[in-house]
Number of protein chains: 2
Amino acid sequence: MHPLPRALPDEALDRLFRTARSYNGYTDEGVGEDAFRAIWDLMRWGPTSANQLPARLVWVASDEAKAKLAACASGTNGPKILAAPATVIVGMDLDFHEHLPELFPHTDAKLWFGDEEARRVSAFRNATLQGAYLILAARALGLDTGAMSGFDADAVDAAFFADSPRVRTNFIATLGVGDPASVFDRLPRPAFDRFNRVA
Amino acid sequence: MHPLPRALPDEALDRLFRTARSYNGYTDEGVGEDAFRAIWDLMRWGPTSANQLPARLVWVASDEAKAKLAACASGTNGPKILAAPATVIVGMDLDFHEHLPELFPHTDAKLWFGDEEARRVSAFRNATLQGAYLILAARALGLDTGAMSGFDADAVDAAFFADSPRVRTNFIATLGVGDPASVFDRLPRPAFDRFNRVA
């Protein structure tokens with residue numbers, strides 16, 4: 001039992017963090033729209049500043065869309081996208097503030113984000129938080145991901161967000177049931193004292 | 001039972017996402033260094049690009065440090081920091097690449113991050129992912145958080161990272177056992193079709 005009395009069971013902590021891995025390949029098990037919707041139904045509850053919810057997600061599942069995305073990827077990432085059951089593009093809406101009258105209705109939060117550069121920083125931070133919620137939501141549902149930054153973001157924008165030019169690609173992640181044979185040796189994770197301080 | 005066969009039990013999905021809230025106030029239950037270490041021991045396993053692990057965390061728990069941090073906060077955030085058992089500062093190391101020979105030992109990944117601006121973007125993205133892992137790890141351990149962007153980041157840098165000028169504050173989050181009386185009505189979370197597309 002975990003020393004913190006309200007901790008989830010070890011099986012859940014393992015699944016979410018301790019034994020979870022980023023996968024380079026997946027089993028043949030299909031992962032489709034029911035899974036995409038289930039992930040959204042969890043991740044959407046994760047907190048963003050002023051309920052911005054700036055992430056715009058494209059779930060790439062058809063052969064045609066996979067080929068289009070793979071053509072934008074670097075090195076070994078293209079073949080990984082082609083082979084994975086799906087890959088999700090985590091985009092961010094630089095004009096997320098247009099939705100705040102609905103998403104944050106009790107005050108005029110749209111006024112807080114008039115400055116373009118401040119809005120870009122906020123969209124990046126909060127869409128990235130949502131990307132992490134996506135990774136953890138997938139794990140909570142028994143699925144696995146392989147997040148990647150190695151791609152040409154302008155090319156992905158042109159291929160998938162041409163109709164919404166204020167949306168920019170942040171990162172992408174393959175999705176499926178991970179194949180244990182596809183993972184590398186685990187990389188080091190330093191103990192608390194290396195990157196933490198109590199004040 | 002969840003329709004996805006490997007999903008964690010509903011209790012875990014609720015705790016992590018569906019009934020979790022951002023808290024404005026906490027019970028009197030103490031939350032100290034054992035909890036900070038337990039959160040790090042989970043969150044450190046979350047994926048970052050090339051195992052960058054750029055987050056640098058300061059766990060603000062003493063009265064003196066709380067007062068120093070509260071003085072940098074906007075509006076109602078100062079009193080929240082003073083009243084919470086602890087507040088964590090999620091900083092990001094703009095020179096994270098100096099650690100890559102140890103954290104990503106099988107190749108010279110330090111060479112990939114020679115460009116200062118690209119490194120800043122990568123530090124921001126990956127430290128933010130780690131901030132989300134922190135929020136979810138706390139929830140998995142039965143704790144609650146209240147993440148905040150409303151503060152003077154330069155002032156927090158000066159107060160807490162003066163000895164490490166390449167570390168910049170990203171966001172902060174109060175931490176404790178949430179007081180249900182302190183939360184507001186839940187803000188809307190749109191259904192899948194609003195911000196998602198299948199391609």
# chains A, B, ... in the order shown; residues from 1 in each chain; ligands from 1
$ select_by_dssp --residues "stretch 73-122 of chain B" --states "strand (DSSP E or B)" --output "list in words"
Ala73, Ala86, Thr87, Val88, Ile89, Val90, Gly91, Met92 and Asp93 of chain B
$ closest_atom_pairs --of "chain A" --to "chain B" --cutoff "6 Å" --atoms "only C-alpha atoms" --output "JSON lines"
{"residue": "A:Arg6", "atom": "CA", "partner": "B:Gly142", "partner_atom": "CA", "distance": 4.6}
{"residue": "A:Ala7", "atom": "CA", "partner": "B:Leu141", "partner_atom": "CA", "distance": 3.8}
{"residue": "A:Leu8", "atom": "CA", "partner": "B:Ala140", "partner_atom": "CA", "distance": 5.6}
{"residue": "A:Phe17", "atom": "CA", "partner": "B:Trp45", "partner_atom": "CA", "distance": 5.5}
{"residue": "A:Leu42", "atom": "CA", "partner": "B:Phe17", "partner_atom": "CA", "distance": 5.7}
{"residue": "A:Trp45", "atom": "CA", "partner": "B:Phe17", "partner_atom": "CA", "distance": 5.5}
{"residue": "A:Arg56", "atom": "CA", "partner": "B:Phe195", "partner_atom": "CA", "distance": 5.1}
{"residue": "A:Leu57", "atom": "CA", "partner": "B:Asn196", "partner_atom": "CA", "distance": 4.7}
{"residue": "A:Val58", "atom": "CA", "partner": "B:Arg197", "partner_atom": "CA", "distance": 4.9}
{"residue": "A:Trp59", "atom": "CA", "partner": "B:Val198", "partner_atom": "CA", "distance": 4.6}
{"residue": "A:Val60", "atom": "CA", "partner": "B:Ala199", "partner_atom": "CA", "distance": 4.8}
{"residue": "A:Ala61", "atom": "CA", "partner": "B:Ala199", "partner_atom": "CA", "distance": 5.9}
{"residue": "A:Ala65", "atom": "CA", "partner": "B:Ala199", "partner_atom": "CA", "distance": 5.9}
{"residue": "A:Leu103", "atom": "CA", "partner": "B:Pro188", "partner_atom": "CA", "distance": 5.7}
{"residue": "A:Leu129", "atom": "CA", "partner": "B:Ala132", "partner_atom": "CA", "distance": 5.3}
{"residue": "A:Ala132", "atom": "CA", "partner": "B:Leu129", "partner_atom": "CA", "distance": 5.3}
{"residue": "A:Ala140", "atom": "CA", "partner": "B:Leu8", "partner_atom": "CA", "distance": 5.6}
{"residue": "A:Leu141", "atom": "CA", "partner": "B:Ala7", "partner_atom": "CA", "distance": 3.8}
{"residue": "A:Gly142", "atom": "CA", "partner": "B:Arg6", "partner_atom": "CA", "distance": 4.5}
{"residue": "A:Pro188", "atom": "CA", "partner": "B:Leu103", "partner_atom": "CA", "distance": 5.6}
{"residue": "A:Phe195", "atom": "CA", "partner": "B:Arg56", "partner_atom": "CA", "distance": 5.1}
{"residue": "A:Asn196", "atom": "CA", "partner": "B:Leu57", "partner_atom": "CA", "distance": 4.7}
{"residue": "A:Arg197", "atom": "CA", "partner": "B:Val58", "partner_atom": "CA", "distance": 4.9}
{"residue": "A:Val198", "atom": "CA", "partner": "B:Trp59", "partner_atom": "CA", "distance": 4.7}
{"residue": "A:Ala199", "atom": "CA", "partner": "B:Val60", "partner_atom": "CA", "distance": 4.8}
$ closest_residue --among "B:Tyr23, B:Trp112, B:Phe161, B:Phe151" --to "B:Asp185" --atoms "only C-alpha atoms"
B:Tyr23
$ atom_distance --atom1 "atom CA of A:Ala73" --atom2 "atom CA of A:Asn24"
14.1 Å
$ select_by_dssp --residues "stretch 16-145 of chain A" --states "helix (DSSP H, G or I)" --output "ChimeraX atom specification"
/A:16-18,33-43,49-51,63-70,77-83,96-103,109-113,116-140
$ atom_distance --atom1 "atom CA of A:Lys80" --atom2 "atom CA of A:Thr27"
12.4 Å
$ residues_around --residues "B:Val156" --least-positions-apart "5" --cutoff "7 Å" --atoms "only C-alpha atoms" --output "list in words"
Leu69, Cys72 and Thr169 of chain B
$ residues_around --residues "B:Asp108" --least-positions-apart "6" --cutoff "12 Å" --atoms "only C-alpha atoms" --output "PyMOL selection string"
chain B and resi 50+97-102+114
$ decode --residues "stretch 129-186 of chain B" --atoms "C-alpha atoms" --output "mmCIF file, in the first residue's frame"
data_model
loop_
_atom_site.group_PDB
_atom_site.id
_atom_site.type_symbol
_atom_site.label_atom_id
_atom_site.label_comp_id
_atom_site.auth_asym_id
_atom_site.auth_seq_id
_atom_site.Cartn_x
_atom_site.Cartn_y
_atom_site.Cartn_z
ATOM 1 C CA LEU B 129 3.971 18.562 -19.988
ATOM 2 C CA GLN B 130 5.734 17.863 -16.686
ATOM 3 C CA GLY B 131 3.461 20.389 -14.959
ATOM 4 C CA ALA B 132 0.447 18.449 -16.190
ATOM 5 C CA TYR B 133 2.003 15.189 -15.017
ATOM 6 C CA LEU B 134 2.409 16.871 -11.617
ATOM 7 C CA ILE B 135 -1.304 17.758 -11.482
ATOM 8 C CA LEU B 136 -2.326 14.217 -12.447
ATOM 9 C CA ALA B 137 0.235 12.571 -10.141
ATOM 10 C CA ALA B 138 -1.089 14.611 -7.212
ATOM 11 C CA ARG B 139 -4.631 13.494 -8.031
ATOM 12 C CA ALA B 140 -3.516 9.865 -8.360
ATOM 13 C CA LEU B 141 -2.115 10.180 -4.829
ATOM 14 C CA GLY B 142 -5.373 11.596 -3.470
ATOM 15 C CA LEU B 143 -4.240 15.217 -3.385
ATOM 16 C CA ASP B 144 -5.593 18.290 -5.158
ATOM 17 C CA THR B 145 -4.077 21.261 -6.919
ATOM 18 C CA GLY B 146 -5.008 24.735 -8.055
ATOM 19 C CA ALA B 147 -2.844 25.787 -11.004
ATOM 20 C CA MET B 148 -2.392 29.522 -11.597
ATOM 21 C CA SER B 149 -0.887 31.771 -14.270
ATOM 22 C CA GLY B 150 -1.744 35.038 -12.501
ATOM 23 C CA PHE B 151 1.594 36.201 -11.106
ATOM 24 C CA ASP B 152 4.632 38.284 -12.019
ATOM 25 C CA ALA B 153 6.983 35.679 -13.482
ATOM 26 C CA ASP B 154 10.021 37.981 -13.388
ATOM 27 C CA ALA B 155 9.412 38.626 -9.698
ATOM 28 C CA VAL B 156 9.117 34.880 -8.972
ATOM 29 C CA ASP B 157 12.328 34.278 -10.928
ATOM 30 C CA ALA B 158 14.096 36.931 -8.867
ATOM 31 C CA ALA B 159 12.721 35.581 -5.585
ATOM 32 C CA PHE B 160 13.302 31.852 -6.168
ATOM 33 C CA PHE B 161 15.695 31.318 -9.069
ATOM 34 C CA ALA B 162 18.240 34.097 -8.503
ATOM 35 C CA ASP B 163 20.994 31.476 -8.144
ATOM 36 C CA SER B 164 20.027 29.770 -11.416
ATOM 37 C CA PRO B 165 19.366 32.570 -13.908
ATOM 38 C CA ARG B 166 18.714 30.126 -16.782
ATOM 39 C CA VAL B 167 15.621 28.807 -14.967
ATOM 40 C CA ARG B 168 12.389 30.682 -15.623
ATOM 41 C CA THR B 169 9.019 30.282 -13.934
ATOM 42 C CA ASN B 170 6.334 28.643 -16.103
ATOM 43 C CA PHE B 171 3.324 28.315 -13.799
ATOM 44 C CA ILE B 172 2.523 27.654 -10.150
ATOM 45 C CA ALA B 173 0.015 25.395 -8.394
ATOM 46 C CA THR B 174 -1.309 25.255 -4.856
ATOM 47 C CA LEU B 175 -1.371 21.775 -3.309
ATOM 48 C CA GLY B 176 -3.334 20.127 -0.531
ATOM 49 C CA VAL B 177 -6.439 18.137 0.262
ATOM 50 C CA GLY B 178 -9.126 20.170 -1.484
ATOM 51 C CA ASP B 179 -11.964 21.787 0.451
ATOM 52 C CA PRO B 180 -15.164 21.139 -1.555
ATOM 53 C CA ALA B 181 -16.608 24.433 -0.258
ATOM 54 C CA SER B 182 -13.866 26.326 -2.118
ATOM 55 C CA VAL B 183 -14.777 25.349 -5.684
ATOM 56 C CA PHE B 184 -16.978 27.297 -8.077
ATOM 57 C CA ASP B 185 -19.584 25.846 -10.409
ATOM 58 C CA ARG B 186 -18.024 23.687 -13.058
#
